[in-house]
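Quick look at target.cif (mmCIF, C-alpha atoms):
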```cif
data_run
#
loop_
_atom_site.group_PDB
_atom_site.id
_atom_site.type_symbol
_atom_site.label_atom_id
_atom_site.label_comp_id
_atom_site.auth_asym_id
_atom_site.auth_seq_id
_atom_site.Cartn_x
_atom_site.Cartn_y
_atom_site.Cartn_z
ATOM 1 C CA MET A 21 91.206 147.254 89.709
ATOM 2 C CA ASP A 22 88.435 144.813 90.637
ATOM 3 C CA ASN A 23 87.827 142.824 93.770
ATOM 4 C CA LEU A 24 89.089 139.256 93.616
ATOM 5 C CA HIS A 25 86.715 136.404 94.317
ATOM 6 C CA LEU A 26 87.602 132.771 93.759
ATOM 7 C CA ALA A 27 85.154 130.094 94.851
ATOM 8 C CA LYS A 28 86.411 127.403 97.200
ATOM 9 C CA THR A 29 87.045 123.953 95.735
ATOM 10 C CA LYS A 30 88.164 120.750 97.431
ATOM 11 C CA HIS A 31 91.791 121.556 96.630
ATOM 12 C CA THR A 32 91.842 125.351 96.459
ATOM 13 C CA MET A 33 90.904 128.037 98.969
ATOM 14 C CA ALA A 34 88.099 130.552 98.752
ATOM 15 C CA ILE A 35 89.672 133.926 98.000
ATOM 16 C CA ASN A 36 87.801 137.131 98.786
ATOM 17 C CA PHE A 37 89.884 140.263 98.395
ATOM 18 C CA ASP A 38 88.015 143.526 98.833
ATOM 19 C CA LYS A 39 89.742 146.693 97.650
ATOM 20 C CA GLU A 40 87.186 148.942 99.421
ATOM 21 C CA ASN A 41 88.104 147.895 102.951
ATOM 22 C CA GLY A 42 91.448 146.132 102.371
ATOM 23 C CA ILE A 43 90.189 142.854 103.823
ATOM 24 C CA LEU A 44 91.843 139.874 102.169
ATOM 25 C CA GLU A 45 90.254 136.560 103.086
ATOM 26 C CA MET A 46 91.666 133.136 102.282
ATOM 27 C CA ALA A 47 89.878 130.057 103.586
ATOM 28 C CA GLY A 48 89.900 126.322 103.010
ATOM 29 C CA SER A 49 92.372 123.701 101.851
ATOM 30 C CA SER A 50 95.182 124.248 99.380
ATOM 31 C CA TYR A 51 96.815 121.483 97.356
ATOM 32 C CA PRO A 52 96.336 122.426 93.706
ATOM 33 C CA GLU A 53 98.187 120.602 90.951
ATOM 34 C CA ASN A 54 100.280 123.704 90.322
ATOM 35 C CA ALA A 55 100.428 126.128 93.224
ATOM 36 C CA LEU A 56 102.120 128.854 91.159
ATOM 37 C CA ASP A 57 99.228 128.842 88.669
ATOM 38 C CA PHE A 58 96.700 129.251 91.463
ATOM 39 C CA PHE A 59 98.574 131.831 93.523
ATOM 40 C CA GLY A 60 99.907 133.882 90.589
ATOM 41 C CA PRO A 61 96.726 136.000 90.184
ATOM 42 C CA VAL A 62 96.372 136.228 93.980
ATOM 43 C CA ILE A 63 99.903 137.615 94.310
ATOM 44 C CA ASP A 64 99.370 140.002 91.362
ATOM 45 C CA TRP A 65 96.194 141.356 92.997
ATOM 46 C CA ILE A 66 98.044 142.132 96.228
ATOM 47 C CA LYS A 67 100.847 143.871 94.339
ATOM 48 C CA ASN A 68 98.300 145.964 92.404
ATOM 49 C CA TYR A 69 96.416 146.838 95.582
ATOM 50 C CA ILE A 70 99.638 148.081 97.150
ATOM 51 C CA THR A 71 100.528 150.176 94.100
ATOM 52 C CA GLU A 72 97.064 151.509 93.222
ATOM 53 C CA ILE A 73 95.105 151.647 96.491
ATOM 54 C CA ASN A 74 97.958 151.849 98.985
ATOM 55 C CA LYS A 75 95.789 151.496 102.107
ATOM 56 C CA LYS A 76 95.514 149.156 105.061
ATOM 57 C CA ILE A 77 95.668 145.393 104.487
ATOM 58 C CA VAL A 78 93.965 142.980 106.868
ATOM 59 C CA MET A 79 94.598 139.398 105.804
ATOM 60 C CA ASN A 80 92.374 136.751 107.367
ATOM 61 C CA ILE A 81 93.679 133.236 106.737
ATOM 62 C CA SER A 82 91.763 130.174 107.823
ATOM 63 C CA LEU A 83 93.322 126.943 106.659
ATOM 64 C CA ASN A 84 92.199 123.396 106.868
ATOM 65 C CA TYR A 85 95.165 121.869 105.055
ATOM 66 C CA ILE A 86 98.014 123.326 103.011
ATOM 67 C CA ASN A 87 100.582 121.372 101.022
ATOM 68 C CA THR A 88 104.240 122.337 100.771
ATOM 69 C CA SER A 89 104.114 124.017 97.354
ATOM 70 C CA SER A 90 101.187 126.221 98.481
ATOM 71 C CA THR A 91 103.049 127.011 101.708
ATOM 72 C CA LYS A 92 105.874 128.342 99.579
ATOM 73 C CA CYS A 93 103.430 130.632 97.751
ATOM 74 C CA LEU A 94 102.050 131.845 101.066
ATOM 75 C CA LEU A 95 105.610 132.671 102.073
ATOM 76 C CA ASP A 96 105.926 134.729 98.860
ATOM 77 C CA ILE A 97 102.766 136.616 99.864
ATOM 78 C CA PHE A 98 104.188 137.264 103.337
ATOM 79 C CA GLU A 99 107.357 138.628 101.746
ATOM 80 C CA ILE A 100 105.272 141.136 99.773
ATOM 81 C CA LEU A 101 103.398 142.104 102.952
ATOM 82 C CA GLU A 102 106.750 142.517 104.735
ATOM 83 C CA GLN A 103 107.999 144.928 102.075
ATOM 84 C CA TYR A 104 104.755 146.913 102.361
ATOM 85 C CA HIS A 105 105.027 146.944 106.152
ATOM 86 C CA LYS A 106 108.630 148.161 105.942
ATOM 87 C CA SER A 107 107.631 150.989 103.634
ATOM 88 C CA SER A 108 105.133 152.022 106.365
ATOM 89 C CA GLY A 109 102.035 150.347 104.908
ATOM 90 C CA SER A 110 99.550 149.000 107.476
ATOM 91 C CA VAL A 111 99.521 145.205 107.482
ATOM 92 C CA TYR A 112 97.658 142.935 109.885
ATOM 93 C CA VAL A 113 97.424 139.173 109.557
ATOM 94 C CA ASN A 114 94.893 137.098 111.450
ATOM 95 C CA TRP A 115 95.787 133.408 111.373
ATOM 96 C CA TYR A 116 92.748 131.305 112.244
ATOM 97 C CA TYR A 117 93.192 127.683 113.226
ATOM 98 C CA GLU A 118 90.818 125.036 114.433
ATOM 99 C CA GLU A 119 91.196 124.403 118.137
ATOM 100 C CA ASN A 120 93.772 121.597 118.682
ATOM 101 C CA ASP A 121 95.038 121.774 115.095
ATOM 102 C CA GLU A 122 98.695 122.074 116.061
ATOM 103 C CA ASP A 123 99.972 121.508 112.531
ATOM 104 C CA ILE A 124 98.128 124.489 111.063
ATOM 105 C CA PHE A 125 98.978 126.644 114.100
ATOM 106 C CA GLU A 126 102.670 125.738 113.767
ATOM 107 C CA THR A 127 102.661 126.371 110.020
ATOM 108 C CA GLY A 128 101.481 129.922 110.747
ATOM 109 C CA GLU A 129 103.949 130.389 113.550
ATOM 110 C CA GLU A 130 106.874 129.218 111.424
ATOM 111 C CA LEU A 131 105.851 131.261 108.410
ATOM 112 C CA GLY A 132 105.431 134.359 110.511
ATOM 113 C CA GLU A 133 108.537 134.213 112.669
ATOM 114 C CA ASP A 134 110.862 135.975 110.232
ATOM 115 C CA PHE A 135 108.495 138.867 109.534
ATOM 116 C CA HIS A 136 107.741 142.053 111.415
ATOM 117 C CA PHE A 137 104.104 142.817 110.625
ATOM 118 C CA PRO A 138 101.658 141.786 113.377
ATOM 119 C CA ILE A 139 100.181 138.285 113.203
ATOM 120 C CA ASP A 140 97.417 137.263 115.590
ATOM 121 C CA PHE A 141 96.659 133.598 116.127
ATOM 122 C CA ILE A 142 92.993 132.946 116.721
ATOM 123 C CA SER A 143 91.585 129.506 117.459
ATOM 124 C CA TYR A 144 88.032 128.560 116.630
ATOM 125 C CA LYS A 145 85.793 125.590 117.346
ATOM 126 C CA ASN A 146 84.397 123.755 114.382
ATOM 127 C CA MET B 14 85.412 80.126 81.928
ATOM 128 C CA PRO B 15 88.466 81.919 83.363
ATOM 129 C CA LYS B 16 88.762 81.688 87.100
ATOM 130 C CA LEU B 17 87.861 84.870 88.943
ATOM 131 C CA GLU B 18 90.685 85.550 91.339
ATOM 132 C CA LEU B 19 88.943 88.217 93.309
ATOM 133 C CA LEU B 20 88.524 86.096 96.428
ATOM 134 C CA GLU B 21 92.279 85.511 96.566
ATOM 135 C CA TYR B 22 92.836 89.198 96.012
ATOM 136 C CA TYR B 23 90.314 90.077 98.683
ATOM 137 C CA LYS B 24 92.044 87.741 101.164
ATOM 138 C CA LYS B 25 95.439 89.265 100.395
ATOM 139 C CA MET B 26 94.175 92.779 100.869
ATOM 140 C CA PHE B 27 92.396 91.740 104.042
ATOM 141 C CA GLU B 28 95.473 90.008 105.511
ATOM 142 C CA ARG B 29 97.706 92.941 104.715
ATOM 143 C CA ASN B 30 95.115 95.464 105.897
ATOM 144 C CA ILE B 31 95.262 97.381 102.659
ATOM 145 C CA VAL B 32 92.992 100.396 102.923
ATOM 146 C CA LEU B 33 93.752 101.844 99.517
ATOM 147 C CA ASP B 34 95.724 100.497 96.608
ATOM 148 C CA PHE B 35 95.961 102.522 93.428
ATOM 149 C CA GLN B 36 98.086 101.878 90.397
ATOM 150 C CA GLY B 37 98.035 104.150 87.367
ATOM 151 C CA ALA B 38 98.223 107.754 86.262
ATOM 152 C CA ILE B 39 97.602 110.183 89.127
ATOM 153 C CA SER B 40 95.681 113.116 87.716
ATOM 154 C CA GLN B 41 94.726 115.928 90.075
ATOM 155 C CA ASP B 42 91.065 114.797 90.018
ATOM 156 C CA MET B 43 92.115 111.310 90.974
ATOM 157 C CA LEU B 44 94.321 112.629 93.752
ATOM 158 C CA VAL B 45 91.580 114.854 95.191
ATOM 159 C CA GLY B 46 89.145 111.933 95.085
ATOM 160 C CA MET B 47 91.515 109.518 96.812
ATOM 161 C CA ALA B 48 92.557 112.077 99.439
ATOM 162 C CA GLY B 49 88.870 112.699 100.212
ATOM 163 C CA LEU B 50 88.226 108.975 100.459
ATOM 164 C CA ILE B 51 91.084 108.561 102.926
ATOM 165 C CA ARG B 52 89.872 111.462 105.038
ATOM 166 C CA SER B 53 86.309 110.116 105.163
ATOM 167 C CA LYS B 54 87.321 106.557 105.870
ATOM 168 C CA PHE B 55 89.679 107.319 108.744
ATOM 169 C CA ALA B 56 87.443 110.008 110.214
ATOM 170 C CA GLN B 57 84.538 107.531 110.245
ATOM 171 C CA GLU B 58 86.693 104.892 111.871
ATOM 172 C CA SER B 59 87.252 107.215 114.811
ATOM 173 C CA CYS B 60 90.919 108.012 114.268
ATOM 174 C CA HIS B 61 92.252 110.978 116.205
ATOM 175 C CA ALA B 62 91.631 114.146 114.152
ATOM 176 C CA LYS B 63 95.351 114.917 114.115
ATOM 177 C CA THR B 64 96.183 111.443 112.807
ATOM 178 C CA VAL B 65 93.602 111.775 110.021
ATOM 179 C CA LYS B 66 95.130 115.105 108.981
ATOM 180 C CA ARG B 67 98.629 113.670 108.993
ATOM 181 C CA ILE B 68 97.643 110.639 106.908
ATOM 182 C CA PHE B 69 95.830 112.986 104.507
ATOM 183 C CA SER B 70 98.781 115.354 104.295
ATOM 184 C CA THR B 71 101.345 112.594 103.756
ATOM 185 C CA PHE B 72 99.158 110.971 101.126
ATOM 186 C CA VAL B 73 98.791 114.255 99.209
ATOM 187 C CA GLU B 74 102.540 114.983 99.225
ATOM 188 C CA MET B 75 103.438 111.439 98.133
ATOM 189 C CA ALA B 76 100.758 111.273 95.438
ATOM 190 C CA GLN B 77 101.790 114.710 94.123
ATOM 191 C CA ASN B 78 105.400 113.517 94.005
ATOM 192 C CA ILE B 79 104.297 110.675 91.718
ATOM 193 C CA ALA B 80 102.164 113.021 89.589
ATOM 194 C CA HIS B 81 104.983 115.553 89.182
ATOM 195 C CA TYR B 82 108.137 113.447 89.109
ATOM 196 C CA SER B 83 107.395 109.879 88.012
ATOM 197 C CA ALA B 84 109.422 109.004 84.918
ATOM 198 C CA GLU B 85 106.394 107.065 83.666
ATOM 199 C CA ARG B 86 104.317 109.778 81.983
ATOM 200 C CA VAL B 87 100.764 109.277 80.752
ATOM 201 C CA LYS B 88 98.917 111.564 78.385
ATOM 202 C CA LEU B 89 95.275 111.922 79.423
ATOM 203 C CA LYS B 90 92.786 112.911 76.751
ATOM 204 C CA ASP B 91 91.380 116.028 78.418
ATOM 205 C CA ARG B 92 94.692 117.627 79.296
ATOM 206 C CA ALA B 93 97.542 119.419 77.578
ATOM 207 C CA THR B 94 100.228 118.145 79.934
ATOM 208 C CA ASP B 95 100.972 114.571 80.905
ATOM 209 C CA VAL B 96 100.768 113.180 84.432
ATOM 210 C CA GLY B 97 102.974 110.746 86.319
ATOM 211 C CA ALA B 98 101.982 107.169 86.982
ATOM 212 C CA GLY B 99 102.909 104.865 89.815
ATOM 213 C CA ILE B 100 101.459 102.946 92.696
ATOM 214 C CA ILE B 101 100.361 104.177 96.113
ATOM 215 C CA VAL B 102 99.276 101.897 98.924
ATOM 216 C CA VAL B 103 97.844 102.795 102.332
ATOM 217 C CA THR B 104 97.765 100.140 105.038
ATOM 218 C CA GLU B 105 96.624 100.130 108.641
ATOM 219 C CA ILE B 106 97.837 97.634 111.205
ATOM 220 C CA SER B 107 96.714 98.141 114.791
ATOM 221 C CA GLY B 108 97.072 101.891 114.981
ATOM 222 C CA THR B 109 100.015 102.235 112.611
ATOM 223 C CA TYR B 110 99.337 103.679 109.193
ATOM 224 C CA THR B 111 101.789 103.189 106.364
ATOM 225 C CA ILE B 112 101.768 105.071 103.085
ATOM 226 C CA THR B 113 103.999 103.565 100.429
ATOM 227 C CA SER B 114 104.590 104.946 96.966
ATOM 228 C CA GLY B 115 106.345 103.376 94.010
ATOM 229 C CA ASN B 116 107.239 104.932 90.689
ATOM 230 C CA LEU B 117 109.881 104.996 88.002
ATOM 231 C CA VAL B 118 112.711 107.483 88.433
ATOM 232 C CA GLU B 119 115.658 108.007 86.105
ATOM 233 C CA LYS B 120 118.663 106.153 87.497
ATOM 234 C CA GLU B 121 120.791 109.270 87.494
ATOM 235 C CA SER B 122 118.364 110.992 89.907
ATOM 236 C CA ILE B 123 118.381 108.143 92.434
ATOM 237 C CA PRO B 124 121.611 108.966 94.360
ATOM 238 C CA ALA B 125 120.434 112.515 95.142
ATOM 239 C CA ILE B 126 117.036 111.263 96.370
ATOM 240 C CA ILE B 127 118.667 108.620 98.583
ATOM 241 C CA GLU B 128 121.130 111.182 99.966
ATOM 242 C CA HIS B 129 118.190 113.466 100.740
ATOM 243 C CA CYS B 130 116.345 110.651 102.561
ATOM 244 C CA LYS B 131 119.479 109.739 104.546
ATOM 245 C CA LYS B 132 120.001 113.358 105.537
ATOM 246 C CA ILE B 133 116.354 113.656 106.645
ATOM 247 C CA ASN B 134 116.466 110.359 108.552
ATOM 248 C CA ALA B 135 119.512 111.505 110.530
ATOM 249 C CA MET B 136 117.730 114.655 111.755
ATOM 250 C CA ASP B 137 115.636 115.225 114.859
ATOM 251 C CA GLN B 138 112.475 117.366 114.781
ATOM 252 C CA ASP B 139 114.320 120.640 115.486
ATOM 253 C CA GLU B 140 116.859 119.992 112.746
ATOM 254 C CA LEU B 141 114.064 119.053 110.347
ATOM 255 C CA LYS B 142 112.316 122.327 111.111
ATOM 256 C CA LEU B 143 115.471 124.319 110.296
ATOM 257 C CA PHE B 144 116.104 122.277 107.147
ATOM 258 C CA TYR B 145 112.492 122.837 106.056
ATOM 259 C CA LYS B 146 112.755 126.587 106.547
ATOM 260 C CA GLU B 147 116.070 126.745 104.756
ATOM 261 C CA GLN B 148 114.696 124.809 101.777
ATOM 262 C CA ILE B 149 111.382 126.630 101.564
ATOM 263 C CA THR B 150 113.083 130.015 101.408
ATOM 264 C CA SER B 151 115.768 128.996 98.924
ATOM 265 C CA GLU B 152 114.513 126.190 96.762
ATOM 266 C CA ARG B 153 112.548 128.005 94.083
ATOM 267 C CA ALA B 154 115.586 130.069 93.203
ATOM 268 C CA LYS B 155 117.359 126.876 92.209
ATOM 269 C CA GLY B 156 114.640 126.099 89.694
ATOM 270 C CA LYS B 157 113.232 123.030 91.415
ATOM 271 C CA LYS B 158 109.543 122.330 91.771
ATOM 272 C CA GLY B 159 109.625 121.333 95.407
ATOM 273 C CA GLY B 160 109.736 117.557 95.764
ATOM 274 C CA SER B 161 112.523 117.715 98.323
ATOM 275 C CA ILE B 162 110.511 119.987 100.614
ATOM 276 C CA GLY B 163 107.650 117.509 100.369
ATOM 277 C CA LEU B 164 109.842 114.785 101.847
ATOM 278 C CA ILE B 165 110.970 117.006 104.734
ATOM 279 C CA ASP B 166 107.338 117.818 105.515
ATOM 280 C CA ILE B 167 106.463 114.116 105.366
ATOM 281 C CA ALA B 168 109.281 113.275 107.795
ATOM 282 C CA ARG B 169 108.201 116.019 110.200
ATOM 283 C CA LYS B 170 104.681 114.617 110.336
ATOM 284 C CA SER B 171 105.749 110.989 110.589
ATOM 285 C CA ASN B 172 108.278 110.839 113.458
ATOM 286 C CA HIS B 173 109.731 107.725 111.809
ATOM 287 C CA PRO B 174 112.506 107.306 109.249
ATOM 288 C CA ILE B 175 111.516 107.324 105.593
ATOM 289 C CA ILE B 176 112.138 103.834 104.217
ATOM 290 C CA TYR B 177 113.509 103.866 100.681
ATOM 291 C CA GLU B 178 114.453 101.269 98.106
ATOM 292 C CA ALA B 179 115.480 101.601 94.472
ATOM 293 C CA THR B 180 115.451 98.652 92.081
ATOM 294 C CA PRO B 181 116.914 99.049 88.590
ATOM 295 C CA VAL B 182 114.330 98.428 85.870
ATOM 296 C CA GLY B 183 115.869 98.369 82.384
ATOM 297 C CA GLU B 184 118.517 100.725 81.089
ATOM 298 C CA ILE B 185 117.257 104.160 82.074
ATOM 299 C CA ASN B 186 115.004 103.863 85.094
ATOM 300 C CA SER B 187 114.835 102.513 88.595
ATOM 301 C CA PHE B 188 111.674 101.759 90.543
ATOM 302 C CA LEU B 189 111.766 103.924 93.635
ATOM 303 C CA VAL B 190 109.773 102.876 96.690
ATOM 304 C CA LEU B 191 109.266 105.293 99.586
ATOM 305 C CA SER B 192 107.435 104.248 102.708
ATOM 306 C CA VAL B 193 106.309 106.403 105.602
ATOM 307 C CA ARG B 194 104.787 105.376 108.899
ATOM 308 C CA ILE B 195 102.323 107.375 110.969
ATOM 309 C CA ASP B 196 101.273 106.262 114.430
ATOM 310 C CA GLU B 197 97.832 106.854 115.866
ATOM 311 C CA GLU B 198 97.976 109.939 118.071
ATOM 312 C CA MET B 199 98.200 109.164 121.792
ATOM 313 C CA GLU B 200 96.760 111.359 124.503
ATOM 314 C CA ILE B 201 100.178 112.583 125.630
ATOM 315 C CA GLU B 202 102.320 114.358 123.094
ATOM 316 C CA ASP B 203 106.032 114.858 123.491
ATOM 317 C CA GLY B 204 105.929 117.946 121.338
#
```

Produce structure tokens that represent the structure in this file.
Amino acid sequence: MDNLHLAKTKHTMAINFDKENGILEMAGSSYPENALDFFGPVIDWIKNYITEINKKIVMNISLNYINTSSTKCLLDIFEILEQYHKSSGSVYVNWYYEENDEDIFETGEELGEDFHFPIDFISYKN
Amino acid sequence: MPKLELLEYYKKMFERNIVLDFQGAISQDMLVGMAGLIRSKFAQESCHAKTVKRIFSTFVEMAQNIAHYSAERVKLKDRATDVGAGIIVVTEISGTYTITSGNLVEKESIPAIIEHCKKINAMDQDELKLFYKEQITSERAKGKKGGSIGLIDIARKSNHPIIYEATPVGEINSFLVLSVRIDEEMEIEDG
């Protein structure tokens, strides 16, 4: 399998998934016309990584804005990570949010509250 | 020579504090452009950062609702699929921002949308959070695209009831208007 790199656009996130070190970075805003079309390959990559590489996953997410249909896709990703975590895969999620951006912080908190893998919330100054 | 009515139009927009007024097919490019315009305009006019984000977010959800669900479909030349058309208006009156959308919806879909709005309007923030979580984890299974989650998210960010109005237009469709209010963020937040 190859690494996955998608350049950031105004309405889609930059995706940088590295199979060598298991670091999965997602950064930017997400409100594509069809969230399933955008996240489909992203979800497939994670599934392949789990099957083929089967090593640690560190997901770094830094969002500026996410719409509801993309949030649903992110929830799908978290469900895959949860399965991996339950089958004793190493999963760490770092949720970055701009200082004072309560909405993005709360989105992460709500998405994460039903899962058991560790999520760290890290604020940054823009 | 026909009379140019732009001055009248300008006065009307000025009186009503219309920041953005778009009527037509909402392609994704159009939506991204308008959302960017709104963000720049309100950020430059020294709105609270949180307010700007909430106006942006509400605008995107409402415009995407038109693009996905409007019964008025327009085929654009560079695309395989059609996009929805409607009207979206953003106004600002002394620290209160209002985003109003209008589009055609099949009459038979109207009761469910109104029920959904009523249900949302009767909920407090905690109930909305639970409803949102319930819908986001279950909705795709029912084969929906997600418009009803959009409205819950809008209500959570607004703190005001969603105003709705449906007017029959011809045999098949009604014109559905949804209006959402966002107040300028104050220093103290009640959480």

Stretch 105-108 of chain A: which residues within 10 Å, counting only C-alpha atoms, same-chain residues fewer than 2 positions away excluded, as an mmCIF file with C-alpha atoms, in the frame of the given file?
```cif
data_model
loop_
_atom_site.group_PDB
_atom_site.id
_atom_site.type_symbol
_atom_site.label_atom_id
_atom_site.label_comp_id
_atom_site.auth_asym_id
_atom_site.auth_seq_id
_atom_site.Cartn_x
_atom_site.Cartn_y
_atom_site.Cartn_z
ATOM 1 C CA LYS A 76 95.514 149.156 105.061
ATOM 2 C CA ILE A 77 95.668 145.393 104.487
ATOM 3 C CA GLU A 99 107.357 138.628 101.746
ATOM 4 C CA ILE A 100 105.272 141.136 99.773
ATOM 5 C CA LEU A 101 103.398 142.104 102.952
ATOM 6 C CA GLU A 102 106.750 142.517 104.735
ATOM 7 C CA GLN A 103 107.999 144.928 102.075
ATOM 8 C CA SER A 110 99.550 149.000 107.476
ATOM 9 C CA VAL A 111 99.521 145.205 107.482
ATOM 10 C CA TYR A 112 97.658 142.935 109.885
ATOM 11 C CA PHE A 135 108.495 138.867 109.534
ATOM 12 C CA HIS A 136 107.741 142.053 111.415
ATOM 13 C CA PHE A 137 104.104 142.817 110.625
ATOM 14 C CA PRO A 138 101.658 141.786 113.377
#
```

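Between atom CA of B:His129 and atom CA of B:Arg169 the interatomic distance comes to 14.0 Å.
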
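When only C-alpha atoms are used to compute distances to chain A, the closest of the residues B:Lys120, B:Lys16, B:Lys146, B:Lys54 turns out to be B:Lys146.
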
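Excluding A:Thr71 and any residue on its chain fewer than 5 positions from it, the residues at most 10 Å away by only C-alpha atoms are Trp65, Ile66 and Tyr104 of chain A.
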
Residues near B:Val103, anyone? I mean within 9 Å using all atoms listed in the file, not counting same-chain ones fewer than 6 positions away, as a tab-separated table (two decimals) with C-alpha atoms, in the coordinates of the input.
```tsv
chain	number	residue	atom	x	y	z
B	30	ASN	CA	95.12	95.46	105.90
B	31	ILE	CA	95.26	97.38	102.66
B	32	VAL	CA	92.99	100.40	102.92
B	33	LEU	CA	93.75	101.84	99.52
B	34	ASP	CA	95.72	100.50	96.61
B	51	ILE	CA	91.08	108.56	102.93
B	72	PHE	CA	99.16	110.97	101.13
B	110	TYR	CA	99.34	103.68	109.19
B	111	THR	CA	101.79	103.19	106.36
B	112	ILE	CA	101.77	105.07	103.08
B	113	THR	CA	104.00	103.56	100.43
B	114	SER	CA	104.59	104.95	96.97
```

Exercise for the section: Might you spell out which residues the PyMOL selection byres ((chain A) within 8 of (chain B)) would select in the displayed file, as an MDAnalysis selection string? Expected result: chainID A and resid 30:31 51:53 85 87:89 92 95 121

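The shortest atom-to-atom distance to A:Asp22, with all atoms listed in the file taken into account, belongs to A:Ile73 out of A:Ile73, A:Ile81, A:Ile97, A:Ile124.
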
Fill in the blank from the handout: Closest of A:Leu24, A:Met79, A:Gly132, A:Asn68 to A:Glu45, counting all atoms listed in the file, is A:Met79

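As for atom CA of B:Ile127 and atom CA of B:Tyr177, they are spaced 7.3 Å apart.
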
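Counting only C-alpha atoms, the residue from A:Lys67, A:Val78, A:Asp134, A:Ser90 that sits nearest to A:Thr32 is A:Ser90.
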
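Across the structure, atom CA of B:Ala38 and atom CA of B:Ser83 are spaced 9.6 Å apart.
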
Fill in the blank from the handout: With distances taken over only C-alpha atoms, the candidate from A:Asn146, A:Thr91, A:Asn80, A:Asn120 nearest B:His61 is A:Asn120

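The point (93.8, 134.4, 119.1) has these residues within 12 Å of it, counting only C-alpha atoms: Val113, Asn114, Trp115, Tyr116, Tyr117, Glu118, Glu119, Phe125, Ile139, Asp140, Phe141, Ile142, Ser143 and Tyr144 of chain A.
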
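Residues in contact range of stretch 186-188 of chain B, defined as at most 7 Å between all atoms listed in the file, with sequence neighbours fewer than 4 positions away removed, read Gly115, Asn116, Leu117, Val118, Glu119, Lys120, Ala179, Thr180, Pro181 and Val182 of chain B.
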
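Distance check against A:Asp64 using only C-alpha atoms: of A:Met33, A:Ile86, A:Ala47, A:Met21, the minimum falls on A:Met21.
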
Answer as a PDB file with C-alpha atoms, in the coordinates of the input, residues within 8 Å of (92.2, 146.0, 99.6) using all atoms listed in the file:
```
ATOM      1  CA  ASN A  23      87.827 142.824  93.770  1.00  0.00           C
ATOM      2  CA  PHE A  37      89.884 140.263  98.395  1.00  0.00           C
ATOM      3  CA  ASP A  38      88.015 143.526  98.833  1.00  0.00           C
ATOM      4  CA  LYS A  39      89.742 146.693  97.650  1.00  0.00           C
ATOM      5  CA  GLU A  40      87.186 148.942  99.421  1.00  0.00           C
ATOM      6  CA  ASN A  41      88.104 147.895 102.951  1.00  0.00           C
ATOM      7  CA  GLY A  42      91.448 146.132 102.371  1.00  0.00           C
ATOM      8  CA  ILE A  43      90.189 142.854 103.823  1.00  0.00           C
ATOM      9  CA  LEU A  44      91.843 139.874 102.169  1.00  0.00           C
ATOM     10  CA  ILE A  66      98.044 142.132  96.228  1.00  0.00           C
ATOM     11  CA  TYR A  69      96.416 146.838  95.582  1.00  0.00           C
ATOM     12  CA  ILE A  73      95.105 151.647  96.491  1.00  0.00           C
ATOM     13  CA  LYS A  75      95.789 151.496 102.107  1.00  0.00           C
ATOM     14  CA  LYS A  76      95.514 149.156 105.061  1.00  0.00           C
ATOM     15  CA  ILE A  77      95.668 145.393 104.487  1.00  0.00           C
TER      16      ILE A  77
END
```

Give me the box for stretch 106-123 of chain A as AutoDock Vina command-line options, namely the centre and edge lengths in Å to one decimal of a box along x, y and z that holds every listed atom plus 8 Å on each side.
```
--center_x 99.7 --center_y 136.8 --center_z 111.2 --size_x 33.8 --size_y 46.5 --size_z 31.0
```
